[in-house]
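Dumped work21.txt below, it's compact mmCIF, C-alpha atoms:
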```txt
# COMPACT_ATOMS: atom_id res chain seq x y z
CA MET B 666 8.07 96.75 12.27
CA GLN B 667 8.18 93.77 14.61
CA SER B 668 8.59 91.42 11.66
CA PHE B 669 11.52 93.49 10.41
CA TYR B 670 13.15 93.56 13.85
CA ASN B 671 12.80 89.79 14.12
CA LYS B 672 14.53 89.35 10.77
CA ALA B 673 17.22 91.89 11.69
CA LEU B 674 17.87 90.15 15.01
CA THR B 675 18.08 86.76 13.31
CA GLY B 676 20.52 88.17 10.75
CA LEU B 677 22.58 89.84 13.47
CA LEU B 678 22.82 86.64 15.50
CA ALA B 679 23.75 84.65 12.39
CA LEU B 680 26.44 87.19 11.49
CA MET B 681 27.82 87.15 15.05
CA VAL B 682 27.96 83.34 15.09
CA ALA B 683 29.59 83.30 11.64
CA SER B 684 32.14 85.92 12.75
CA VAL B 685 33.05 83.95 15.87
CA LEU B 686 33.35 80.65 13.98
CA ILE B 687 35.34 82.12 11.09
CA GLY B 688 37.54 84.03 13.53
CA PHE B 689 38.20 80.88 15.55
CA ILE B 690 38.99 78.83 12.45
CA CYS B 691 41.25 81.53 11.01
CA MET B 692 43.02 81.93 14.33
CA ARG B 693 43.65 78.19 14.53
CA CYS B 694 44.90 78.14 10.94
CA THR B 695 47.45 80.88 11.64
CA TYR B 696 49.35 78.52 13.94
CA ILE B 697 51.43 76.32 11.67
CA ARG B 698 53.66 73.40 12.65
CA MET B 699 56.20 71.22 10.88
CA THR B 700 57.00 67.93 12.61
CA VAL B 701 60.64 66.89 12.32
CA LEU B 702 60.66 64.06 14.86
CA PRO B 703 59.41 61.39 15.13
CA ALA B 704 60.33 60.52 11.57
CA ALA B 705 56.99 58.82 10.86
CA ASP B 706 55.15 62.14 11.31
CA ARG B 707 57.36 64.27 9.08
CA SER B 708 55.75 66.34 6.37
CA VAL B 709 59.05 66.85 4.52
CA ALA B 710 61.74 64.39 3.45
CA MET B 711 64.86 64.33 5.65
CA ARG B 712 67.80 62.11 6.45
CA THR B 713 70.17 62.03 9.41
CA SER B 714 73.91 62.58 9.26
CA VAL B 715 76.77 63.37 11.62
CA SER B 716 79.81 65.63 11.28
CA SER B 717 82.84 66.39 13.45
CA ASP B 718 86.11 68.26 13.47
CA LYS B 719 87.81 65.13 12.07
CA ASP B 720 87.09 66.72 8.68
CA THR B 721 89.48 69.55 9.65
CA GLY B 722 92.13 67.53 11.50
CA GLY B 723 90.42 67.21 14.90
CA ARG B 724 89.81 64.11 16.99
CA SER B 725 86.25 64.59 18.27
CA THR B 726 83.96 61.63 17.60
CA ILE B 727 80.17 61.22 17.28
CA ARG B 728 77.97 58.16 16.80
CA LEU B 729 74.30 58.05 15.89
CA VAL B 730 72.21 55.72 18.09
CA ASP B 731 68.63 56.34 16.84
CA ASP B 732 67.11 58.59 14.19
CA THR B 733 63.50 57.36 13.90
CA SER B 734 61.43 58.03 17.01
CA THR B 735 64.21 60.17 18.51
CA LEU B 736 67.51 61.71 17.58
CA SER B 737 69.90 59.96 19.93
CA PHE B 738 73.66 60.26 19.63
CA GLU B 739 76.89 59.91 21.62
CA PHE B 740 79.90 62.15 21.22
CA THR B 741 83.28 62.82 22.75
CA GLY B 742 84.81 66.26 22.34
CA VAL B 743 88.59 66.49 22.07
CA LYS B 744 90.57 69.76 22.20
CA ALA B 745 92.85 69.04 19.28
CA VAL B 746 91.85 72.01 17.09
CA ASP B 747 90.80 75.62 17.73
CA TYR B 748 87.11 74.92 17.28
CA PRO B 749 86.32 71.28 18.15
CA TYR B 750 82.79 70.23 17.21
CA ALA B 751 80.51 67.21 16.88
CA ASN B 752 77.06 67.59 15.33
CA ALA B 753 74.03 65.41 14.64
CA GLU B 754 72.26 66.82 11.59
CA LEU B 755 68.87 66.53 9.93
CA VAL B 756 69.33 67.15 6.20
CA PHE B 757 66.42 68.31 4.02
CA LEU B 758 65.86 66.28 0.82
CA ASP B 759 64.00 66.81 -2.43
CA HIS B 760 61.63 64.30 -4.07
CA ALA B 761 64.60 62.53 -5.62
CA GLY B 762 66.25 62.05 -2.23
CA LYS B 763 69.00 64.60 -2.88
CA PRO B 764 69.97 67.41 -0.48
CA ALA B 765 67.63 70.39 -0.88
CA LEU B 766 67.12 73.89 0.45
CA VAL B 767 63.89 74.55 2.35
CA ASP B 768 62.17 77.86 3.13
CA LEU B 769 61.57 78.10 6.88
CA SER B 770 60.77 81.80 6.95
CA ARG B 771 57.19 81.09 8.08
CA TYR B 772 58.46 79.51 11.30
CA SER B 773 59.46 81.56 14.31
CA ALA B 774 60.53 78.91 16.82
CA VAL B 775 61.62 75.30 17.26
CA SER B 776 60.52 73.16 20.19
CA PHE B 777 61.89 69.83 21.39
CA ASP B 778 62.52 67.66 24.44
CA VAL B 779 66.12 66.91 25.32
CA THR B 780 67.88 64.68 27.84
CA CYS B 781 71.64 64.40 28.20
CA THR B 782 74.25 62.73 30.37
CA PRO B 783 76.30 64.31 31.84
CA THR B 784 74.83 67.83 32.31
CA ASN B 785 75.71 69.80 29.23
CA THR B 786 75.37 73.06 27.31
CA LEU B 787 74.55 72.28 23.69
CA ALA B 788 73.73 74.20 20.55
CA PHE B 789 70.90 74.14 18.01
CA GLY B 790 71.48 75.74 14.63
CA LEU B 791 70.30 76.26 11.07
CA LEU B 792 72.81 75.67 8.29
CA MET B 793 71.81 78.02 5.48
CA PHE B 794 72.87 78.73 1.92
CA GLU B 795 73.93 82.38 1.63
CA ASP B 796 73.63 84.00 -1.79
CA ASN B 797 76.88 85.31 -3.30
CA VAL B 798 78.85 83.50 -0.57
CA SER B 799 78.00 79.82 -0.32
CA VAL B 800 79.10 77.20 -2.80
CA PRO B 801 76.41 74.58 -3.50
CA GLY B 802 77.29 71.33 -1.73
CA ASP B 803 80.27 72.84 0.17
CA TYR B 804 78.79 73.12 3.66
CA THR B 805 81.89 74.88 5.02
CA THR B 806 80.79 77.95 3.05
CA TYR B 807 77.22 77.84 4.39
CA ARG B 808 76.12 80.10 7.22
CA LEU B 809 75.49 78.45 10.60
CA ALA B 810 73.17 80.43 12.91
CA TYR B 811 72.76 78.88 16.33
CA SER B 812 71.52 79.24 19.90
CA TYR B 813 72.66 77.60 23.13
CA TYR B 814 70.55 75.57 25.55
CA PHE B 815 71.10 73.70 28.80
CA CYS B 816 70.18 70.04 29.41
CA ASN B 817 70.59 67.36 32.05
CA GLU B 818 69.54 63.79 32.77
CA ARG B 819 66.12 64.88 34.11
CA GLY B 820 65.18 66.24 30.69
CA GLU B 821 64.02 69.65 29.51
CA HIS B 822 61.31 70.93 27.16
CA LEU B 823 62.70 73.82 25.13
CA GLU B 824 61.35 76.38 22.70
CA LEU B 825 64.02 78.41 20.92
CA ASP B 826 63.29 81.65 19.10
CA LEU B 827 64.67 81.38 15.56
CA ALA B 828 64.94 85.16 15.34
CA ARG B 829 67.53 85.07 18.13
CA LEU B 830 69.92 82.70 16.35
CA ARG B 831 73.35 84.25 15.85
CA THR B 832 76.33 83.59 13.61
CA ASP B 833 79.98 83.57 14.76
CA GLN B 834 82.02 86.66 13.92
CA TRP B 835 84.72 84.61 12.18
CA TRP B 836 82.22 83.60 9.46
CA PHE B 837 81.58 87.26 8.60
CA GLY B 838 85.32 87.97 8.67
CA THR B 839 86.13 84.98 6.46
CA HIS B 840 83.63 86.05 3.82
CA GLN B 841 84.27 89.79 4.25
CA LEU B 842 80.70 90.59 5.29
CA SER B 843 79.46 93.26 7.66
CA LEU B 844 78.53 92.18 11.18
CA ALA B 845 75.42 94.33 10.77
CA GLN B 846 74.01 91.55 8.55
CA GLN B 847 73.14 89.38 11.56
CA GLU B 848 69.44 89.43 10.71
CA LEU B 849 68.33 86.04 9.47
CA ALA B 850 66.37 85.23 6.34
CA PRO B 851 65.95 81.44 6.61
CA THR B 852 64.65 80.94 3.08
CA LYS B 853 67.33 78.44 2.04
CA VAL B 854 67.96 76.06 4.93
CA ALA B 855 69.97 72.91 4.25
CA LYS B 856 70.19 71.33 7.73
CA LEU B 857 69.05 71.42 11.32
CA CYS B 858 72.06 70.86 13.59
CA PHE B 859 72.34 69.65 17.20
CA GLY B 860 75.82 69.64 18.64
CA ASN B 861 78.32 70.47 21.37
CA THR B 862 79.67 73.84 22.50
CA PHE B 863 82.95 75.08 24.05
CA GLN B 864 81.29 74.51 27.46
CA SER B 865 80.60 70.84 26.79
CA PRO B 866 82.80 68.45 28.81
CA PHE B 867 85.89 67.31 26.87
CA GLY B 868 87.29 63.84 26.93
CA VAL B 869 84.03 62.50 28.35
CA LEU B 870 81.44 60.39 26.53
CA SER B 871 78.27 62.49 26.34
CA LYS B 872 74.89 60.94 25.56
CA VAL B 873 72.07 63.05 24.10
CA GLN B 874 68.47 62.14 23.29
CA ILE B 875 66.28 64.62 21.43
CA LYS B 876 62.62 63.99 20.61
CA ASN B 877 59.39 65.72 19.53
CA VAL B 878 61.20 68.23 17.33
CA THR B 879 58.67 70.68 15.86
CA LEU B 880 58.99 73.94 13.97
CA ILE B 881 56.34 76.47 15.05
CA GLY B 882 55.14 79.57 13.23
CA ARG B 883 52.28 81.89 12.31
CA ASP B 884 50.71 82.41 8.91
CA MET B 885 48.92 85.75 9.26
CA ARG B 886 47.27 85.49 5.84
CA TYR B 887 44.34 83.72 7.49
CA MET B 888 43.82 86.67 9.83
CA TYR B 889 43.91 89.02 6.86
CA LEU B 890 41.14 86.93 5.30
CA PHE B 891 39.17 87.16 8.54
CA TRP B 892 39.50 90.93 8.72
CA ALA B 893 38.52 91.18 5.06
CA PHE B 894 35.38 89.21 5.90
CA MET B 895 34.64 91.50 8.86
CA ILE B 896 35.23 94.66 6.83
CA ILE B 897 32.84 93.46 4.11
CA ALA B 898 30.19 91.56 6.09
CA TRP B 899 29.46 93.98 8.93
CA PRO B 900 29.16 97.16 6.82
CA ALA B 901 27.01 95.15 4.38
CA TYR B 902 24.71 94.16 7.24
CA ALA B 903 24.59 97.75 8.50
CA PHE B 904 23.76 98.99 5.00
CA TRP B 905 21.00 96.37 4.65
CA PHE B 906 19.65 97.16 8.13
CA PHE B 907 19.33 100.91 7.61
CA ARG B 908 17.95 100.53 4.09
CA ARG B 909 15.35 97.95 5.09
CA HIS B 910 14.60 99.75 8.36
CA THR B 911 13.68 102.85 6.41
CA GLN B 912 11.47 100.80 4.11
CA ALA B 913 9.80 99.00 7.02
CA LEU B 914 9.33 102.28 8.87
CA LEU B 915 7.67 103.84 5.83
CA VAL B 916 5.26 100.92 5.51
CA ASP B 917 4.52 101.08 9.24
CA VAL B 918 3.89 104.82 9.13
CA GLU B 919 1.55 104.46 6.16
CA ASP B 920 -0.33 101.73 7.98
CA LYS B 921 -0.72 103.85 11.11
CA VAL B 922 -1.87 106.85 9.10
CA ARG B 923 -4.52 104.74 7.34
CA ARG B 924 -5.59 103.20 10.65
CA ASP B 925 -5.93 106.60 12.33
CA LEU B 926 -7.75 108.37 9.53
CA PRO B 927 -11.15 108.00 11.21
CA LEU B 928 -9.79 110.02 14.12
CA VAL B 929 -8.73 113.03 12.04
CA ALA B 930 -10.73 116.01 13.12
CA TYR B 931 -12.05 117.10 9.73
CA GLN B 932 -13.32 113.56 9.03
CA GLN B 933 -14.68 113.04 12.53
CA LEU B 934 -17.07 115.91 12.06
CA SER B 935 -18.74 114.28 9.08
CA GLN B 936 -19.42 110.95 10.76
CA ASP B 937 -22.76 110.06 12.30
CA LEU B 938 -22.06 106.81 14.08
CA HIS B 939 -23.14 107.67 17.58
CA ARG B 940 -26.13 106.41 19.47
CA ASP B 941 -27.17 109.57 21.40
CA LYS B 942 -26.57 113.27 21.77
CA GLU B 943 -24.02 112.93 24.58
CA HIS B 944 -21.78 110.73 22.42
CA SER B 945 -22.12 113.11 19.49
CA ALA B 946 -21.59 116.19 21.60
CA ILE B 947 -18.41 114.87 23.23
CA LEU B 948 -16.81 113.73 19.98
CA ARG B 949 -17.83 116.82 18.02
CA PHE B 950 -16.57 119.11 20.78
CA MET B 951 -13.19 117.41 20.91
CA ALA B 952 -12.97 117.34 17.12
CA THR B 953 -13.27 121.15 17.03
CA ALA B 954 -11.60 122.14 20.30
CA TYR B 955 -8.48 119.93 20.18
CA PRO B 956 -6.22 122.80 18.89
CA ASN B 957 -6.83 124.66 22.15
CA PRO B 958 -3.80 123.99 24.36
CA GLU B 959 -5.95 124.70 27.44
CA LEU B 960 -8.46 121.95 26.62
CA ASP B 961 -9.02 119.52 29.47
CA VAL B 962 -11.84 117.48 31.00
CA GLU B 963 -12.95 120.33 33.25
CA THR B 964 -13.39 122.56 30.20
CA MET B 965 -15.65 119.93 28.61
CA VAL B 966 -17.60 119.47 31.84
CA SER B 967 -18.31 123.20 32.12
CA THR B 968 -19.05 123.58 28.40
CA LEU B 969 -21.18 120.48 27.76
CA GLY B 970 -22.68 119.96 31.20
CA ILE B 971 -21.66 116.30 31.19
CA SER B 972 -19.90 114.81 34.21
CA ARG B 973 -16.23 113.91 34.19
CA ASN B 974 -16.98 110.23 34.77
CA LYS B 975 -19.55 110.18 31.99
CA ILE B 976 -17.10 111.71 29.51
CA ASN B 977 -14.43 109.12 30.28
CA GLU B 978 -17.03 106.34 30.25
CA ILE B 979 -18.30 107.31 26.79
CA LEU B 980 -14.80 107.73 25.33
CA LYS B 981 -13.72 104.39 26.75
CA ALA B 982 -16.82 102.59 25.47
CA GLU B 983 -16.89 104.29 22.07
CA LEU B 984 -13.18 104.40 21.15
CA GLY B 985 -11.32 102.48 23.85
CA PHE B 986 -9.40 105.59 24.98
CA THR B 987 -9.27 107.85 28.01
CA PHE B 988 -9.77 111.59 27.52
CA SER B 989 -6.04 112.44 27.41
CA THR B 990 -5.20 109.50 25.14
CA TYR B 991 -7.96 110.36 22.67
CA LEU B 992 -7.01 114.04 22.71
CA ASN B 993 -3.38 113.18 21.86
CA LYS B 994 -4.64 110.82 19.14
CA LEU B 995 -6.63 113.62 17.55
CA ARG B 996 -3.75 116.07 17.75
CA LEU B 997 -1.11 113.66 16.48
CA THR B 998 -3.16 112.34 13.55
CA GLU B 999 -3.94 115.90 12.51
CA ALA B 1000 -0.24 116.76 12.89
CA ALA B 1001 0.63 113.79 10.67
CA ARG B 1002 -1.78 115.05 8.01
CA LEU B 1003 -0.35 118.57 8.18
CA LEU B 1004 3.23 117.32 7.98
CA GLY B 1005 2.38 115.57 4.74
CA GLU B 1006 0.39 118.43 3.21
CA LYS B 1007 2.02 121.64 4.46
CA GLU B 1008 5.64 121.38 3.38
CA ASP B 1009 6.31 125.04 4.11
CA SER B 1010 5.23 124.80 7.75
CA SER B 1011 7.86 124.00 10.35
CA VAL B 1012 7.47 121.26 12.92
CA ALA B 1013 7.05 123.89 15.64
CA GLU B 1014 4.26 125.64 13.71
CA ILE B 1015 2.41 122.38 13.26
CA ALA B 1016 2.87 121.48 16.93
CA TYR B 1017 1.33 124.82 17.96
CA ALA B 1018 -1.47 124.42 15.38
CA VAL B 1019 -2.65 121.14 16.88
CA GLY B 1020 -2.53 122.29 20.50
CA TYR B 1021 0.99 121.68 21.81
CA ARG B 1022 2.96 124.50 23.40
CA ASN B 1023 6.08 122.43 24.04
CA VAL B 1024 7.74 121.23 20.82
CA SER B 1025 9.99 118.75 22.62
CA TYR B 1026 6.97 117.15 24.26
CA PHE B 1027 5.22 117.04 20.88
CA ASN B 1028 8.28 115.35 19.31
CA LYS B 1029 8.33 112.79 22.13
CA LEU B 1030 4.63 111.90 21.76
CA PHE B 1031 4.88 111.82 17.96
CA LYS B 1032 7.83 109.41 18.03
CA GLU B 1033 6.00 107.15 20.48
CA GLU B 1034 2.98 107.09 18.17
CA TYR B 1035 4.68 106.73 14.76
CA GLY B 1036 8.08 105.32 15.60
CA CYS B 1037 9.98 108.29 14.15
CA THR B 1038 10.40 112.02 14.65
CA PRO B 1039 8.16 114.51 12.81
CA LYS B 1040 11.06 115.48 10.52
CA THR B 1041 11.70 111.84 9.60
CA PHE B 1042 7.96 111.29 9.14
CA ARG B 1043 7.81 114.16 6.68
CA LYS B 1044 10.75 112.74 4.68
CA LEU B 1045 9.15 109.30 4.64
CA ARG B 1046 5.83 110.67 3.42
CA GLU B 1047 7.67 112.49 0.62
CA ALA B 1048 9.41 109.25 -0.43
CA THR B 1049 7.96 106.02 -1.78
CA PRO B 1050 8.94 102.38 -1.16
CA ALA B 1051 10.23 102.19 -4.71
CA ASP B 1052 12.45 105.23 -4.13
CA LEU B 1053 13.90 103.70 -0.98
CA GLY B 1054 14.60 100.37 -2.63
CA SER B 1055 16.43 101.83 -5.62
```
Any chance you could give the structure as structure tokens?
Amino acid sequence: MQSFYNKALTGLLALMVASVLIGFICMRCTYIRMTVLPAADRSVAMRTSVSSDKDTGGRSTIRLVDDTSTLSFEFTGVKAVDYPYANAELVFLDHAGKPALVDLSRYSAVSFDVTCTPTNTLAFGLLMFEDNVSVPGDYTTYRLAYSYYFCNERGEHLELDLARLRTDQWWFGTHQLSLAQQELAPTKVAKLCFGNTFQSPFGVLSKVQIKNVTLIGRDMRYMYLFWAFMIIAWPAYAFWFFRRHTQALLVDVEDKVRRDLPLVAYQQLSQDLHRDKEHSAILRFMATAYPNPELDVETMVSTLGISRNKINEILKAELGFTFSTYLNKLRLTEAARLLGEKEDSSVAEIAYAVGYRNVSYFNKLFKEEYGCTPKTFRKLREATPADLGS
């Protein structure tokens, strides 16, 4: 059994290590990132553009300063129209360099560092193509979902939740859509927009520097793979363990039964291996009297006329056991034989037959000797290794 337990422990440790490593790798893989800035680290093609309310008759201005390592721009908001705006935009491109729509549904947040002078309240937004509403290439018909953020000359690190982006009510009214459709599905994003708000200072030159723009998300498919591994691997190990444990236990029981056969009472009586009458008398007496639950050393002393010390000395020298240990050996090996041969007898009947009055105590001693309960022992003796392996 020890060999089996060593193998089982090695397998368990290997499975635990594999589970931890695979879990760690899958967990790391669930965190996905798309670098937008700096430009050299981008994983998708993009170009920078600017837009302002000049396209609708306004007088706000915006100028791009840098679009490689940072997104730096200067703008001046002018209240000449109802909704004055000035935006710096990052436009997604296809392989041919033309404007494209990108699926950002895997990403849940955007993070970036921003510095601005003077102190300002700005907006970040996604410009998205809306089915049955937007006209390809006409960005005025696209849906702009945005969120506000505060910045100053000391700089801020921000992380905005994309699920909290909101669209102005006028857009829903213009396109006759229900305001209940605020929930975003950013599967067709055309641009990322950084621009002013109605709380930005007007008539003042504002300078903004944005860097380290990254989209952050989770891809839970890797965790599903991990749980699939756990659901398959651990039950498979448990199945292997119990199947092989039963096989190993059967082999171990058979080995112990073969090893203890010389101690079985009916065989002990036929052996003549002893050097003198005292040896023979002690062993023959125990071989016939072991079913007596009252049997003890004092009974043997009074019956055989041999001293207590002499009895223990002979048993220790002849078999390596004390009186009580040898008596239990005799009883348990005989019980093992009866369990295999007398299928109609209950465990309690066999316990009484070999000298035990307390069945629980008998079960305890039997399990210590054979590594399983009497009921399990009987089932194992009825089976074969081939049956267990099929």
For this session: Have a look at B:Met793, B:Ala1013, B:Leu680, B:Cys781 and name the one nearest to Ala765 in chain B; count all atoms listed in the file.
Result: B:Met793
For this session: Can you work out the spacing between CA of Ser1010 in chain B and CA of Ala954 in chain B in Å, to one decimal?
Result: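 Between these atoms lies a distance of 21.2 Å.
For the point (3.6, 105.5, 20.8) in file coordinates, the residues within 12 Å, using all atoms listed in the file, are Val918, Lys921, Thr990, Asn993, Lys994, Leu997, Phe1027, Asn1028, Lys1029, Leu1030, Phe1031, Lys1032, Glu1033, Glu1034, Tyr1035, Gly1036, Cys1037 and Thr1038 of chain B.
Counting from CA of His760 in chain B, the distance to CA of Met711 in chain B is 10.2 Å.
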For this session: Counting only C-alpha atoms, figure out which residue out of B:Val966, B:His822, B:Gly868, B:Ile697 gets nearest to Ala745 in chain B.
Result: B:Gly868
For this session: Name the residues in contact with Ala845 in chain B at a cut-off of 12 Å, using only C-alpha atoms, excluding same-chain residues fewer than 6 positions from it; report them as a ChimeraX atom specification.
Result: /B:831-832,834,837-838
Seminar exercise, completed: The distance between CA of Thr780 in chain B and CA of Asn877 in chain B is 11.9 Å
Could you pull range 677-686 of chain B out of the structure I just pasted and write it to a file containing all heavy atoms, as a PDB file, in the first residue's frame?
```
ATOM      1  N   LEU B 677      -1.040  13.680  -6.777  1.00  0.00           N
ATOM      2  CA  LEU B 677      -1.807  14.776  -6.184  1.00  0.00           C
ATOM      3  C   LEU B 677      -1.005  16.073  -6.202  1.00  0.00           C
ATOM      4  O   LEU B 677      -1.526  17.135  -6.566  1.00  0.00           O
ATOM      5  CB  LEU B 677      -2.197  14.421  -4.754  1.00  0.00           C
ATOM      6  CG  LEU B 677      -2.958  15.500  -3.971  1.00  0.00           C
ATOM      7  CD1 LEU B 677      -4.290  15.809  -4.653  1.00  0.00           C
ATOM      8  CD2 LEU B 677      -3.178  15.070  -2.534  1.00  0.00           C
ATOM      9  N   LEU B 678       0.272  15.981  -5.812  1.00  0.00           N
ATOM     10  CA  LEU B 678       1.116  17.176  -5.820  1.00  0.00           C
ATOM     11  C   LEU B 678       1.282  17.723  -7.234  1.00  0.00           C
ATOM     12  O   LEU B 678       1.239  18.941  -7.452  1.00  0.00           O
ATOM     13  CB  LEU B 678       2.482  16.852  -5.216  1.00  0.00           C
ATOM     14  CG  LEU B 678       2.484  16.542  -3.706  1.00  0.00           C
ATOM     15  CD1 LEU B 678       3.875  16.131  -3.253  1.00  0.00           C
ATOM     16  CD2 LEU B 678       2.000  17.736  -2.906  1.00  0.00           C
ATOM     17  N   ALA B 679       1.475  16.815  -8.198  1.00  0.00           N
ATOM     18  CA  ALA B 679       1.616  17.247  -9.593  1.00  0.00           C
ATOM     19  C   ALA B 679       0.343  17.933 -10.087  1.00  0.00           C
ATOM     20  O   ALA B 679       0.397  18.960 -10.774  1.00  0.00           O
ATOM     21  CB  ALA B 679       1.948  16.052 -10.480  1.00  0.00           C
ATOM     22  N   LEU B 680      -0.816  17.369  -9.713  1.00  0.00           N
ATOM     23  CA  LEU B 680      -2.087  17.958 -10.138  1.00  0.00           C
ATOM     24  C   LEU B 680      -2.297  19.315  -9.471  1.00  0.00           C
ATOM     25  O   LEU B 680      -2.790  20.258 -10.104  1.00  0.00           O
ATOM     26  CB  LEU B 680      -3.232  17.011  -9.789  1.00  0.00           C
ATOM     27  CG  LEU B 680      -4.636  17.443 -10.235  1.00  0.00           C
ATOM     28  CD1 LEU B 680      -4.668  17.668 -11.746  1.00  0.00           C
ATOM     29  CD2 LEU B 680      -5.664  16.399  -9.838  1.00  0.00           C
ATOM     30  N   MET B 681      -1.916  19.437  -8.198  1.00  0.00           N
ATOM     31  CA  MET B 681      -2.056  20.719  -7.504  1.00  0.00           C
ATOM     32  C   MET B 681      -1.161  21.782  -8.143  1.00  0.00           C
ATOM     33  O   MET B 681      -1.602  22.916  -8.383  1.00  0.00           O
ATOM     34  CB  MET B 681      -1.697  20.552  -6.029  1.00  0.00           C
ATOM     35  CG  MET B 681      -2.700  19.745  -5.235  1.00  0.00           C
ATOM     36  SD  MET B 681      -2.187  19.479  -3.512  1.00  0.00           S
ATOM     37  CE  MET B 681      -2.182  21.156  -2.916  1.00  0.00           C
ATOM     38  N   VAL B 682       0.085  21.407  -8.436  1.00  0.00           N
ATOM     39  CA  VAL B 682       1.004  22.359  -9.077  1.00  0.00           C
ATOM     40  C   VAL B 682       0.478  22.763 -10.445  1.00  0.00           C
ATOM     41  O   VAL B 682       0.474  23.950 -10.813  1.00  0.00           O
ATOM     42  CB  VAL B 682       2.415  21.751  -9.193  1.00  0.00           C
ATOM     43  CG1 VAL B 682       3.319  22.634 -10.056  1.00  0.00           C
ATOM     44  CG2 VAL B 682       3.036  21.578  -7.817  1.00  0.00           C
ATOM     45  N   ALA B 683       0.006  21.768 -11.228  1.00  0.00           N
ATOM     46  CA  ALA B 683      -0.537  22.061 -12.556  1.00  0.00           C
ATOM     47  C   ALA B 683      -1.757  22.975 -12.457  1.00  0.00           C
ATOM     48  O   ALA B 683      -1.914  23.905 -13.253  1.00  0.00           O
ATOM     49  CB  ALA B 683      -0.902  20.759 -13.274  1.00  0.00           C
ATOM     50  N   SER B 684      -2.612  22.729 -11.462  1.00  0.00           N
ATOM     51  CA  SER B 684      -3.816  23.548 -11.296  1.00  0.00           C
ATOM     52  C   SER B 684      -3.451  24.984 -10.963  1.00  0.00           C
ATOM     53  O   SER B 684      -4.041  25.930 -11.494  1.00  0.00           O
ATOM     54  CB  SER B 684      -4.705  22.963 -10.193  1.00  0.00           C
ATOM     55  OG  SER B 684      -5.149  21.670 -10.535  1.00  0.00           O
ATOM     56  N   VAL B 685      -2.458  25.151 -10.074  1.00  0.00           N
ATOM     57  CA  VAL B 685      -2.044  26.506  -9.691  1.00  0.00           C
ATOM     58  C   VAL B 685      -1.426  27.233 -10.887  1.00  0.00           C
ATOM     59  O   VAL B 685      -1.754  28.400 -11.164  1.00  0.00           O
ATOM     60  CB  VAL B 685      -1.044  26.455  -8.522  1.00  0.00           C
ATOM     61  CG1 VAL B 685      -0.440  27.830  -8.267  1.00  0.00           C
ATOM     62  CG2 VAL B 685      -1.737  25.949  -7.262  1.00  0.00           C
ATOM     63  N   LEU B 686      -0.536  26.545 -11.613  1.00  0.00           N
ATOM     64  CA  LEU B 686       0.120  27.177 -12.762  1.00  0.00           C
ATOM     65  C   LEU B 686      -0.880  27.522 -13.859  1.00  0.00           C
ATOM     66  O   LEU B 686      -0.864  28.639 -14.400  1.00  0.00           O
ATOM     67  CB  LEU B 686       1.210  26.253 -13.306  1.00  0.00           C
ATOM     68  CG  LEU B 686       2.469  26.103 -12.449  1.00  0.00           C
ATOM     69  CD1 LEU B 686       3.426  25.104 -13.079  1.00  0.00           C
ATOM     70  CD2 LEU B 686       3.158  27.451 -12.269  1.00  0.00           C
TER      71      LEU B 686
END
```
